[in-house]
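K.L.:
Below is the file coords.cif, which contains mmCIF, C-alpha atoms.
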```cif
data_final
loop_
_atom_site.group_PDB
_atom_site.id
_atom_site.type_symbol
_atom_site.label_atom_id
_atom_site.label_comp_id
_atom_site.auth_asym_id
_atom_site.auth_seq_id
_atom_site.Cartn_x
_atom_site.Cartn_y
_atom_site.Cartn_z
ATOM 1 C CA MET A 599 140.172 86.885 52.740
ATOM 2 C CA THR A 600 137.688 88.966 54.728
ATOM 3 C CA ALA A 601 138.666 90.441 58.074
ATOM 4 C CA SER A 602 136.070 91.653 60.565
ATOM 5 C CA VAL A 603 136.921 94.600 62.786
ATOM 6 C CA GLU A 604 134.751 95.017 65.835
ATOM 7 C CA ILE A 605 134.189 98.562 67.040
ATOM 8 C CA THR A 606 133.269 98.872 70.700
ATOM 9 C CA ASP A 607 132.532 101.681 73.110
ATOM 10 C CA ASP A 608 133.178 100.989 76.805
ATOM 11 C CA GLY A 609 133.043 97.283 76.099
ATOM 12 C CA GLU A 610 129.679 97.435 74.339
ATOM 13 C CA LYS A 611 129.416 95.993 70.848
ATOM 14 C CA ARG A 612 128.315 98.727 68.449
ATOM 15 C CA ALA A 613 129.091 97.628 64.914
ATOM 16 C CA ARG A 614 131.170 95.327 62.802
ATOM 17 C CA GLU A 615 132.960 96.449 59.663
ATOM 18 C CA GLU A 616 134.491 94.043 57.176
ATOM 19 C CA THR A 617 137.625 94.573 55.125
ATOM 20 C CA THR A 618 138.465 92.292 52.241
ATOM 21 C CA VAL A 619 142.209 91.575 52.091
ATOM 22 C CA PHE A 620 143.832 90.078 49.007
ATOM 23 C CA PHE A 621 147.186 88.266 49.220
ATOM 24 C CA PRO A 622 148.588 87.941 45.672
ATOM 25 C CA GLN A 623 151.693 85.773 45.379
ATOM 26 C CA THR A 624 152.952 87.017 42.007
ATOM 27 C CA LEU A 625 152.943 90.248 40.044
ATOM 28 C CA GLY A 626 150.508 88.661 37.600
ATOM 29 C CA ASP A 627 148.116 87.889 40.440
ATOM 30 C CA LEU A 628 148.395 91.475 41.663
ATOM 31 C CA LEU A 629 147.610 92.986 38.268
ATOM 32 C CA ALA A 630 144.632 90.663 37.821
ATOM 33 C CA ILE A 631 143.231 91.658 41.226
ATOM 34 C CA ARG A 632 143.895 95.324 40.499
ATOM 35 C CA LYS A 633 141.932 95.028 37.262
ATOM 36 C CA GLN A 634 138.980 93.405 39.015
ATOM 37 C CA ARG A 635 139.119 95.595 42.136
ATOM 38 C CA PRO A 636 140.575 99.023 41.264
ATOM 39 C CA ASP A 637 139.014 100.291 44.493
ATOM 40 C CA ALA A 638 141.296 98.088 46.622
ATOM 41 C CA THR A 639 144.197 99.872 48.342
ATOM 42 C CA PRO A 640 147.675 98.324 47.843
ATOM 43 C CA VAL A 641 149.613 98.114 51.117
ATOM 44 C CA ALA A 642 153.320 97.423 51.655
ATOM 45 C CA GLY A 643 154.728 98.728 54.952
ATOM 46 C CA GLY A 644 151.402 100.269 55.960
ATOM 47 C CA THR A 645 153.005 103.147 57.901
ATOM 48 C CA TRP A 646 150.822 105.842 56.322
ATOM 49 C CA LEU A 647 147.672 103.775 56.793
ATOM 50 C CA LEU A 648 148.448 103.272 60.482
ATOM 51 C CA ARG A 649 149.532 106.839 61.233
ATOM 52 C CA ASN A 650 146.189 108.212 60.091
ATOM 53 C CA GLN A 651 144.217 106.199 62.636
ATOM 54 C CA GLY A 652 142.331 108.632 64.830
ATOM 55 C CA SER A 653 141.221 106.185 67.509
ATOM 56 C CA ARG A 654 142.300 102.947 69.143
ATOM 57 C CA PHE A 655 140.120 100.987 66.722
ATOM 58 C CA LEU A 656 141.461 100.435 63.223
ATOM 59 C CA LYS A 657 139.543 102.082 60.424
ATOM 60 C CA LEU A 658 140.493 100.295 57.241
ATOM 61 C CA PRO A 659 139.419 100.676 53.610
ATOM 62 C CA LYS A 660 136.820 98.227 52.367
ATOM 63 C CA ALA A 661 139.470 96.345 50.375
ATOM 64 C CA LEU A 662 143.247 95.982 50.766
ATOM 65 C CA ILE A 663 145.896 94.282 48.641
ATOM 66 C CA SER A 664 148.914 93.020 50.565
ATOM 67 C CA LEU A 665 152.127 93.369 48.526
ATOM 68 C CA SER A 666 154.368 91.535 50.980
ATOM 69 C CA ALA A 667 154.670 88.256 49.037
ATOM 70 C CA ILE A 668 155.427 89.691 45.573
ATOM 71 C CA GLU A 669 159.138 89.106 45.094
ATOM 72 C CA GLU A 670 159.445 91.321 42.002
ATOM 73 C CA LEU A 671 158.501 94.395 44.040
ATOM 74 C CA HIS A 672 161.304 93.779 46.557
ATOM 75 C CA ARG A 673 164.216 93.756 44.111
ATOM 76 C CA ILE A 674 167.031 96.252 43.618
ATOM 77 C CA GLY A 675 168.847 96.160 40.278
ATOM 78 C CA ARG A 676 171.771 98.224 39.041
ATOM 79 C CA SER A 677 173.533 99.045 35.802
ATOM 80 C CA GLU A 678 176.373 101.501 35.138
ATOM 81 C CA SER A 679 173.989 104.388 34.527
ATOM 82 C CA ARG A 680 171.006 103.701 36.791
ATOM 83 C CA ILE A 681 169.554 101.850 39.753
ATOM 84 C CA ASP A 682 166.066 100.315 39.760
ATOM 85 C CA ILE A 683 164.321 100.104 43.129
ATOM 86 C CA GLY A 684 161.275 97.914 43.631
ATOM 87 C CA ALA A 685 158.293 99.821 44.960
ATOM 88 C CA CYS A 686 158.143 97.657 48.106
ATOM 89 C CA VAL A 687 161.808 97.810 49.137
ATOM 90 C CA PRO A 688 161.966 99.213 52.703
ATOM 91 C CA ILE A 689 163.772 102.543 53.028
ATOM 92 C CA ASN A 690 166.394 101.128 55.417
ATOM 93 C CA ARG A 691 167.324 98.514 52.815
ATOM 94 C CA ILE A 692 167.614 101.193 50.130
ATOM 95 C CA LEU A 693 169.937 103.170 52.405
ATOM 96 C CA ALA A 694 172.105 100.122 53.070
ATOM 97 C CA ALA A 695 172.278 98.959 49.447
ATOM 98 C CA GLY A 696 172.741 102.437 47.991
ATOM 99 C CA LYS A 697 175.179 103.870 50.528
ATOM 100 C CA ASN A 698 178.004 104.311 48.028
ATOM 101 C CA ILE A 699 175.852 104.289 44.891
ATOM 102 C CA LEU A 700 172.833 106.565 45.145
ATOM 103 C CA PRO A 701 173.099 110.355 44.874
ATOM 104 C CA GLN A 702 173.765 111.822 48.311
ATOM 105 C CA ILE A 703 170.725 114.057 48.060
ATOM 106 C CA LEU A 704 168.445 111.022 47.840
ATOM 107 C CA LEU A 705 170.229 109.307 50.727
ATOM 108 C CA ASP A 706 169.816 112.438 52.865
ATOM 109 C CA THR A 707 166.151 112.635 51.913
ATOM 110 C CA LEU A 708 165.464 109.015 52.829
ATOM 111 C CA GLU A 709 167.364 109.310 56.131
ATOM 112 C CA SER A 710 165.106 112.217 57.116
ATOM 113 C CA ILE A 711 161.960 110.096 56.981
ATOM 114 C CA GLY A 712 160.671 108.955 60.352
ATOM 115 C CA THR A 713 162.599 106.838 62.839
ATOM 116 C CA PRO A 714 164.738 103.755 62.084
ATOM 117 C CA GLY A 715 161.758 101.612 63.044
ATOM 118 C CA ILE A 716 159.502 103.414 60.579
ATOM 119 C CA ARG A 717 162.154 103.247 57.843
ATOM 120 C CA SER A 718 162.370 99.478 58.313
ATOM 121 C CA LEU A 719 158.711 99.275 57.210
ATOM 122 C CA ALA A 720 158.098 102.329 55.039
ATOM 123 C CA THR A 721 158.839 102.068 51.322
ATOM 124 C CA LEU A 722 159.836 104.535 48.622
ATOM 125 C CA GLY A 723 156.902 103.365 46.511
ATOM 126 C CA GLY A 724 154.500 104.047 49.357
ATOM 127 C CA ASN A 725 155.914 107.540 49.862
ATOM 128 C CA ILE A 726 155.473 108.317 46.168
ATOM 129 C CA CYS A 727 151.894 107.004 46.033
ATOM 130 C CA ILE A 728 150.499 109.005 48.951
ATOM 131 C CA GLN A 729 147.849 111.223 47.415
ATOM 132 C CA GLY A 730 147.094 114.827 48.182
ATOM 133 C CA ARG A 731 150.400 115.850 49.777
ATOM 134 C CA SER A 732 153.889 116.749 48.687
ATOM 135 C CA MET A 733 156.055 114.231 50.562
ATOM 136 C CA SER A 734 159.757 114.509 51.381
ATOM 137 C CA THR A 735 160.989 112.388 48.464
ATOM 138 C CA HIS A 736 159.121 114.205 45.692
ATOM 139 C CA PRO A 737 161.464 117.220 45.190
ATOM 140 C CA ALA A 738 164.571 114.990 45.079
ATOM 141 C CA LEU A 739 162.973 112.611 42.578
ATOM 142 C CA HIS A 740 162.050 115.592 40.404
ATOM 143 C CA ILE A 741 165.518 117.063 40.113
ATOM 144 C CA LEU A 742 167.197 113.659 39.744
ATOM 145 C CA ASP A 743 164.977 112.922 36.721
ATOM 146 C CA ALA A 744 163.708 109.711 38.276
ATOM 147 C CA ARG A 745 161.283 107.573 36.305
ATOM 148 C CA LEU A 746 158.374 105.478 37.558
ATOM 149 C CA GLU A 747 157.229 102.158 36.112
ATOM 150 C CA LEU A 748 153.441 101.808 36.147
ATOM 151 C CA ARG A 749 151.996 98.403 35.279
ATOM 152 C CA ARG A 750 148.525 97.103 34.589
ATOM 153 C CA ALA A 751 147.147 93.843 33.258
ATOM 154 C CA GLY A 752 148.368 93.650 29.660
ATOM 155 C CA GLY A 753 150.854 96.506 29.648
ATOM 156 C CA SER A 754 153.331 98.815 31.350
ATOM 157 C CA ARG A 755 154.744 102.307 30.916
ATOM 158 C CA TRP A 756 157.539 104.473 32.283
ATOM 159 C CA VAL A 757 156.673 108.038 33.285
ATOM 160 C CA PRO A 758 159.034 110.803 34.443
ATOM 161 C CA ALA A 759 158.640 111.794 38.071
ATOM 162 C CA THR A 760 158.495 115.380 36.798
ATOM 163 C CA ASN A 761 155.324 114.619 34.809
ATOM 164 C CA SER A 762 153.660 112.172 37.175
ATOM 165 C CA ARG A 763 151.898 114.596 39.491
ATOM 166 C CA LEU A 764 149.185 117.177 39.118
ATOM 167 C CA ASP A 765 147.929 119.011 42.191
ATOM 168 C CA GLY A 766 149.646 116.461 44.433
ATOM 169 C CA LYS A 767 147.999 113.412 42.865
ATOM 170 C CA LEU A 768 149.934 110.634 41.180
ATOM 171 C CA LEU A 769 148.714 110.455 37.598
ATOM 172 C CA MET A 770 147.989 106.765 37.200
ATOM 173 C CA ALA A 771 144.973 104.793 36.065
ATOM 174 C CA PRO A 772 142.819 103.148 38.763
ATOM 175 C CA ASP A 773 144.007 99.676 37.747
ATOM 176 C CA GLU A 774 147.722 100.580 37.546
ATOM 177 C CA VAL A 775 150.369 99.753 40.143
ATOM 178 C CA LEU A 776 153.722 101.448 40.753
ATOM 179 C CA THR A 777 156.300 98.662 40.449
ATOM 180 C CA ARG A 778 159.747 100.267 40.099
ATOM 181 C CA ILE A 779 161.547 103.573 40.601
ATOM 182 C CA ARG A 780 164.528 104.238 38.319
ATOM 183 C CA ILE A 781 167.228 106.618 39.543
ATOM 184 C CA PRO A 782 169.931 107.853 37.116
ATOM 185 C CA LEU A 783 173.455 107.585 38.540
ATOM 186 C CA GLU A 784 175.185 110.867 37.742
ATOM 187 C CA ASN A 785 178.006 112.802 39.356
ATOM 188 C CA TRP A 786 177.050 116.034 41.118
ATOM 189 C CA ASN A 787 179.671 118.045 42.963
ATOM 190 C CA ILE A 788 177.002 120.069 44.813
ATOM 191 C CA GLN A 789 174.046 118.413 46.549
ATOM 192 C CA LEU A 790 171.911 120.036 49.221
ATOM 193 C CA PHE A 791 168.859 118.737 51.076
ATOM 194 C CA ARG A 792 167.138 120.639 53.857
ATOM 195 C CA ARG A 793 163.886 119.859 55.605
ATOM 196 C CA ILE A 794 162.459 122.235 58.163
ATOM 197 C CA GLY A 795 159.546 120.877 60.144
ATOM 198 C CA PRO A 796 158.651 117.165 60.353
ATOM 199 C CA ASP A 797 156.483 115.727 57.580
ATOM 200 C CA THR A 798 154.871 113.521 60.223
ATOM 201 C CA VAL A 799 152.686 116.361 61.514
ATOM 202 C CA LEU A 800 149.379 116.838 59.733
ATOM 203 C CA GLY A 801 148.393 120.405 59.043
ATOM 204 C CA LEU A 802 151.879 121.889 59.538
ATOM 205 C CA GLU A 803 151.771 124.846 57.158
ATOM 206 C CA ASP A 804 155.449 125.768 57.327
ATOM 207 C CA MET A 805 157.066 122.452 56.453
ATOM 208 C CA LEU A 806 159.799 123.070 53.869
ATOM 209 C CA VAL A 807 161.683 120.541 51.765
ATOM 210 C CA PHE A 808 164.451 122.121 49.687
ATOM 211 C CA THR A 809 166.628 120.141 47.293
ATOM 212 C CA ALA A 810 169.344 121.334 44.933
ATOM 213 C CA ILE A 811 172.048 119.743 42.810
ATOM 214 C CA ALA A 812 174.640 121.355 40.583
ATOM 215 C CA ARG A 813 177.598 120.441 38.457
ATOM 216 C CA THR A 814 180.549 122.716 37.712
ATOM 217 C CA SER A 815 183.595 122.256 35.508
ATOM 218 C CA ARG A 816 186.520 124.587 34.860
ATOM 219 C CA ALA A 817 184.806 127.386 36.769
ATOM 220 C CA ILE A 818 181.644 127.077 34.645
ATOM 221 C CA ILE A 819 178.152 126.084 35.800
ATOM 222 C CA THR A 820 177.253 123.123 33.583
ATOM 223 C CA ASP A 821 174.005 122.101 35.301
ATOM 224 C CA LEU A 822 171.817 123.431 38.097
ATOM 225 C CA ARG A 823 168.535 122.062 39.408
ATOM 226 C CA PHE A 824 166.470 122.862 42.475
ATOM 227 C CA ALA A 825 162.971 122.139 43.762
ATOM 228 C CA ILE A 826 160.909 123.302 46.721
ATOM 229 C CA GLY A 827 158.223 121.244 48.410
ATOM 230 C CA SER A 828 155.894 121.924 51.311
ATOM 231 C CA ASN A 829 152.659 120.601 52.749
ATOM 232 C CA HIS A 830 150.980 122.346 49.841
ATOM 233 C CA LEU A 831 150.150 120.099 46.918
ATOM 234 C CA ASN A 832 152.465 121.414 44.240
ATOM 235 C CA ILE A 833 156.245 121.254 43.935
ATOM 236 C CA TYR A 834 157.944 124.409 42.750
ATOM 237 C CA ARG A 835 160.588 124.030 40.066
ATOM 238 C CA SER A 836 161.533 126.500 37.328
ATOM 239 C CA ARG A 837 163.483 125.163 34.352
ATOM 240 C CA ASP A 838 163.862 128.733 33.082
ATOM 241 C CA LEU A 839 165.622 129.819 36.262
ATOM 242 C CA GLU A 840 167.811 126.699 36.269
ATOM 243 C CA THR A 841 168.992 127.161 32.696
ATOM 244 C CA HIS A 842 169.475 130.909 33.180
ATOM 245 C CA LEU A 843 172.724 130.305 35.057
ATOM 246 C CA VAL A 844 174.060 127.389 33.019
ATOM 247 C CA GLY A 845 177.233 128.430 31.219
ATOM 248 C CA ARG A 846 178.011 131.288 33.643
ATOM 249 C CA LYS A 847 181.477 131.646 35.097
ATOM 250 C CA ILE A 848 181.992 131.370 38.833
ATOM 251 C CA PRO A 849 182.228 132.995 41.250
ATOM 252 C CA LEU A 850 178.987 134.712 40.331
ATOM 253 C CA PRO A 851 178.897 138.487 40.930
ATOM 254 C CA ALA A 852 176.856 139.503 43.953
ATOM 255 C CA ARG A 853 174.547 141.648 41.813
ATOM 256 C CA GLU A 854 173.763 138.681 39.559
ATOM 257 C CA ILE A 855 172.917 136.507 42.569
ATOM 258 C CA ALA A 856 170.683 139.262 43.971
ATOM 259 C CA ALA A 857 168.851 139.596 40.644
ATOM 260 C CA PHE A 858 168.368 135.829 40.475
ATOM 261 C CA LEU A 859 166.935 135.714 43.992
ATOM 262 C CA GLN A 860 164.564 138.584 43.209
ATOM 263 C CA THR A 861 163.282 136.705 40.175
ATOM 264 C CA LEU A 862 162.864 133.604 42.322
ATOM 265 C CA GLU A 863 160.843 135.592 44.854
ATOM 266 C CA THR A 864 158.577 136.959 42.115
ATOM 267 C CA ASN A 865 158.048 133.495 40.640
ATOM 268 C CA LEU A 866 157.188 132.003 44.022
ATOM 269 C CA GLU A 867 154.619 134.721 44.664
ATOM 270 C CA ASP A 868 153.040 134.294 41.227
ATOM 271 C CA LYS A 869 153.124 130.511 40.822
ATOM 272 C CA GLN A 870 152.916 129.352 44.438
ATOM 273 C CA PRO A 871 150.721 131.922 46.207
ATOM 274 C CA GLY A 872 149.975 129.466 49.010
ATOM 275 C CA LEU A 873 153.575 129.351 50.199
ATOM 276 C CA SER A 874 154.169 131.273 53.402
ATOM 277 C CA GLU A 875 156.660 134.108 53.701
ATOM 278 C CA PHE A 876 158.741 131.807 55.929
ATOM 279 C CA ILE A 877 159.103 129.165 53.189
ATOM 280 C CA ARG A 878 159.866 131.772 50.533
ATOM 281 C CA GLY A 879 162.472 133.409 52.747
ATOM 282 C CA ARG A 880 164.239 130.178 53.631
ATOM 283 C CA SER A 881 164.203 129.090 49.994
ATOM 284 C CA ARG A 882 165.862 132.337 48.916
ATOM 285 C CA SER A 883 168.444 131.922 51.653
ATOM 286 C CA LEU A 884 169.302 128.343 50.689
ATOM 287 C CA ILE A 885 169.647 128.960 46.957
ATOM 288 C CA GLY A 886 171.604 132.116 47.690
ATOM 289 C CA ARG A 887 174.017 130.126 49.832
ATOM 290 C CA ILE A 888 174.580 127.643 47.018
ATOM 291 C CA LEU A 889 175.162 130.318 44.370
ATOM 292 C CA SER A 890 177.617 132.150 46.627
ATOM 293 C CA ASN A 891 179.704 129.052 47.287
ATOM 294 C CA LEU A 892 179.900 127.227 43.957
ATOM 295 C CA PRO A 893 183.212 125.339 43.646
ATOM 296 C CA PRO A 894 185.156 125.725 40.358
ATOM 297 C CA ASP A 895 185.272 121.937 39.793
#
```
When written as structure tokens, how does the structure in this file appear?
P.N.:
Amino acid sequence: MTASVEITDDGEKRAREETTVFFPQTLGDLLAIRKQRPDATPVAGGTWLLRNQGSRFLKLPKALISLSAIEELHRIGRSESRIDIGACVPINRILAAGKNILPQILLDTLESIGTPGIRSLATLGGNICIQGRSMSTHPALHILDARLELRRAGGSRWVPATNSRLDGKLLMAPDEVLTRIRIPLENWNIQLFRRIGPDTVLGLEDMLVFTAIARTSRAIITDLRFAIGSNHLNIYRSRDLETHLVGRKIPLPAREIAAFLQTLETNLEDKQPGLSEFIRGRSRSLIGRILSNLPPD
């Protein structure tokens, strides 16, 4: 289907732009179209496409692929150890279905996105696929060891969320489509999500997304993970720092926490030079709060 969008100025006809819109009915149809037209932009809720409109006249890509009719992309499946979320499941539906299932840190992350009206349209798959920015869900997906299913005509592959991005871009072939997000279901007795500054404001330099999860048992740290995101392209996560504290007894001595935070500060300056002093300071404060209040079990 081809849609014509008329652009006018004070009622005067100036130009006419055409957008080709594809409406695949099955996943097979989608993959075939994607192979033939890798330039076409897949659209589910369309919230990101609409929010970037700078005028009252829609400016659309030359080709769109509507994902609304593909039933496979709207499914949620669960086993004892994981939950699979279709790329086109609206965020509000994920929140409702996963209320007592999903890790609290992911629920908190999803609840922070937009308004209820936006969450009824926006999808987790769409949030993941936005190029060139670190979005709110990315740090949580990193530390939860989420996996992404990428499909193309004739094949599919699962990639870790931790390995899927380079400089803010989703590493997928032009003819691939994100179809499912797999979330491991594990028990964490510490989960913290903080976002400072709305991710709906373009150009906000001091937007911070901080996520952390930890597991303790018999006054021992058995697992610790944290990630920091901002409007900058990269997500900061240090496996070396995370594993440094695994096996330590709690409560941690104040001097050990101070040394850890100093190392964190040095790493942020070296590996994320674009982060502002505000983001670095709040990150130190949040991880320091966690380390100072670790429960024994």
K.L.:
Have a look at A:Ile703, A:Met770, A:Val687, A:Ile781 and name the one nearest to A:Arg717; count all atoms listed in the file.
P.N.:
A:Val687
K.L.:
How big is the axis-aligned box around the listed atoms of stretch 697-701 of chain A once 5 Å is added on each side, and where is its centre? Give both in Å to one decimal, as AutoDock Vina command-line options.
P.N.:
```
--center_x 175.4 --center_y 107.1 --center_z 47.7 --size_x 15.2 --size_y 16.5 --size_z 15.7
```
K.L.:
Rank A:Leu873, A:Arg778, A:Pro893, A:Ile885 by their smallest atom-to-atom distance to A:Thr820, using all atoms listed in the file, and report the top residue only.
P.N.:
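Under the stated criterion, the closest residue is A:Pro893.
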K.L.:
As an exercise, work out the distance from atom CA of A:Leu658 to atom CA of A:Pro772 in Å and give it to one decimal place.
P.N.:
18.8 Å
K.L.:
For the file shown, what are the residues hit by the PyMOL selection byres ((chain A and resi 757) around 6), laid out as JSON, numbers by chain?
P.N.:
{"A": [745, 746, 756, 758]}
K.L.:
Name the closest residue to A:Leu704 among the candidates A:Ile663, A:Ile668, A:Leu625, A:Leu790; distances are taken between atoms, counting all atoms listed in the file.
P.N.:
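When distances to A:Leu704 are compared using all atoms listed in the file, the smallest one comes from A:Leu790.
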K.L.:
Atom CA of A:Ala685 to atom CA of A:Phe621: how many Å, to one decimal?
P.N.:
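Atom CA of A:Phe621 lies 16.6 Å from atom CA of A:Ala685.
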K.L.:
What gap, in Å, lies between atom CA of A:Gly684 and atom CA of A:Asp821?
P.N.:
28.6 Å
K.L.:
Kindly resolve the PyMOL selection byres ((chain A and resi 840) around 8) on the present coordinates and return the residues as an mmCIF file with C-alpha atoms, in the frame of the given file.
P.N.:
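Here's the written file expr.cif:
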```
data_model
loop_
_atom_site.group_PDB
_atom_site.id
_atom_site.type_symbol
_atom_site.label_atom_id
_atom_site.label_comp_id
_atom_site.auth_asym_id
_atom_site.auth_seq_id
_atom_site.Cartn_x
_atom_site.Cartn_y
_atom_site.Cartn_z
ATOM 1 C CA ASP A 821 174.005 122.101 35.301
ATOM 2 C CA LEU A 822 171.817 123.431 38.097
ATOM 3 C CA ARG A 823 168.535 122.062 39.408
ATOM 4 C CA PHE A 824 166.470 122.862 42.475
ATOM 5 C CA SER A 836 161.533 126.500 37.328
ATOM 6 C CA ARG A 837 163.483 125.163 34.352
ATOM 7 C CA ASP A 838 163.862 128.733 33.082
ATOM 8 C CA LEU A 839 165.622 129.819 36.262
ATOM 9 C CA THR A 841 168.992 127.161 32.696
ATOM 10 C CA HIS A 842 169.475 130.909 33.180
ATOM 11 C CA LEU A 843 172.724 130.305 35.057
ATOM 12 C CA VAL A 844 174.060 127.389 33.019
#
```
K.L.:
As a ChimeraX atom specification, please: the residues near A:Leu665 (cut-off 9 Å, all atoms listed in the file, same-chain neighbours under 3 positions excluded).
P.N.:
/A:620-623,628,640-643,668-669,671,686
K.L.:
Out of A:Pro782, A:Gly715, A:Gly827, A:Pro659, which residue has the shortest atom-to-atom distance to A:Met733 when counting all atoms listed in the file?
P.N.:
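Checking each candidate against A:Met733, we get A:Gly827 as the closest.
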K.L.:
Evaluating the PyMOL selection byres ((chain A and resi 702) around 10) on the displayed file yields which residues, as a PyMOL selection string?
P.N.:
chain A and resi 696-701+703-708+785-786+788-791+811
K.L.:
Can those selected residues be exported to a file as a short mmCIF file (atom, residue, chain, number, x, y, z; two decimals), keeping the file's coordinate frame so that it contains C-alpha atoms?
P.N.:
```cif
data_model
loop_
_atom_site.label_atom_id
_atom_site.label_comp_id
_atom_site.auth_asym_id
_atom_site.auth_seq_id
_atom_site.Cartn_x
_atom_site.Cartn_y
_atom_site.Cartn_z
CA GLY A 696 172.74 102.44 47.99
CA LYS A 697 175.18 103.87 50.53
CA ASN A 698 178.00 104.31 48.03
CA ILE A 699 175.85 104.29 44.89
CA LEU A 700 172.83 106.56 45.14
CA PRO A 701 173.10 110.36 44.87
CA ILE A 703 170.72 114.06 48.06
CA LEU A 704 168.44 111.02 47.84
CA LEU A 705 170.23 109.31 50.73
CA ASP A 706 169.82 112.44 52.86
CA THR A 707 166.15 112.64 51.91
CA LEU A 708 165.46 109.02 52.83
CA ASN A 785 178.01 112.80 39.36
CA TRP A 786 177.05 116.03 41.12
CA ILE A 788 177.00 120.07 44.81
CA GLN A 789 174.05 118.41 46.55
CA LEU A 790 171.91 120.04 49.22
CA PHE A 791 168.86 118.74 51.08
CA ILE A 811 172.05 119.74 42.81
#
```
K.L.:
Find the residue from A:Ser874, A:Leu783, A:Arg887, A:Asp868 that sits nearest to A:Glu678; use only C-alpha atoms when measuring.
P.N.:
A:Leu783
K.L.:
Fewer than 4 positions away in the same chain doesn't count, so skip those; otherwise give me all residues within 8 Å of A:Arg793, counting all atoms listed in the file, as a count of residues only.
P.N.:
6
K.L.:
Determine the nearest neighbour of A:Ala751 from the options A:Ala817, A:Ile794, A:Leu889, A:Leu629, counting all atoms listed in the file.
P.N.:
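When distances to A:Ala751 are compared using all atoms listed in the file, the smallest one comes from A:Leu629.
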K.L.:
Dump as a PDB file with C-alpha atoms, in the coordinates of the input all residues having an atom at most 12 Å from (142.8, 94.7, 35.5), computed in the file's coordinates with all atoms listed in the file.
P.N.:
```pdb
ATOM      1  CA  LEU A 625     152.943  90.248  40.044  1.00  0.00           C
ATOM      2  CA  GLY A 626     150.508  88.661  37.600  1.00  0.00           C
ATOM      3  CA  ASP A 627     148.116  87.889  40.440  1.00  0.00           C
ATOM      4  CA  LEU A 628     148.395  91.475  41.663  1.00  0.00           C
ATOM      5  CA  LEU A 629     147.610  92.986  38.268  1.00  0.00           C
ATOM      6  CA  ALA A 630     144.632  90.663  37.821  1.00  0.00           C
ATOM      7  CA  ILE A 631     143.231  91.658  41.226  1.00  0.00           C
ATOM      8  CA  ARG A 632     143.895  95.324  40.499  1.00  0.00           C
ATOM      9  CA  LYS A 633     141.932  95.028  37.262  1.00  0.00           C
ATOM     10  CA  GLN A 634     138.980  93.405  39.015  1.00  0.00           C
ATOM     11  CA  ARG A 635     139.119  95.595  42.136  1.00  0.00           C
ATOM     12  CA  PRO A 636     140.575  99.023  41.264  1.00  0.00           C
ATOM     13  CA  ASP A 637     139.014 100.291  44.493  1.00  0.00           C
ATOM     14  CA  ALA A 638     141.296  98.088  46.622  1.00  0.00           C
ATOM     15  CA  ARG A 749     151.996  98.403  35.279  1.00  0.00           C
ATOM     16  CA  ARG A 750     148.525  97.103  34.589  1.00  0.00           C
ATOM     17  CA  ALA A 751     147.147  93.843  33.258  1.00  0.00           C
ATOM     18  CA  GLY A 752     148.368  93.650  29.660  1.00  0.00           C
ATOM     19  CA  GLY A 753     150.854  96.506  29.648  1.00  0.00           C
ATOM     20  CA  ALA A 771     144.973 104.793  36.065  1.00  0.00           C
ATOM     21  CA  PRO A 772     142.819 103.148  38.763  1.00  0.00           C
ATOM     22  CA  ASP A 773     144.007  99.676  37.747  1.00  0.00           C
ATOM     23  CA  GLU A 774     147.722 100.580  37.546  1.00  0.00           C
ATOM     24  CA  VAL A 775     150.369  99.753  40.143  1.00  0.00           C
TER      25      VAL A 775
END
```
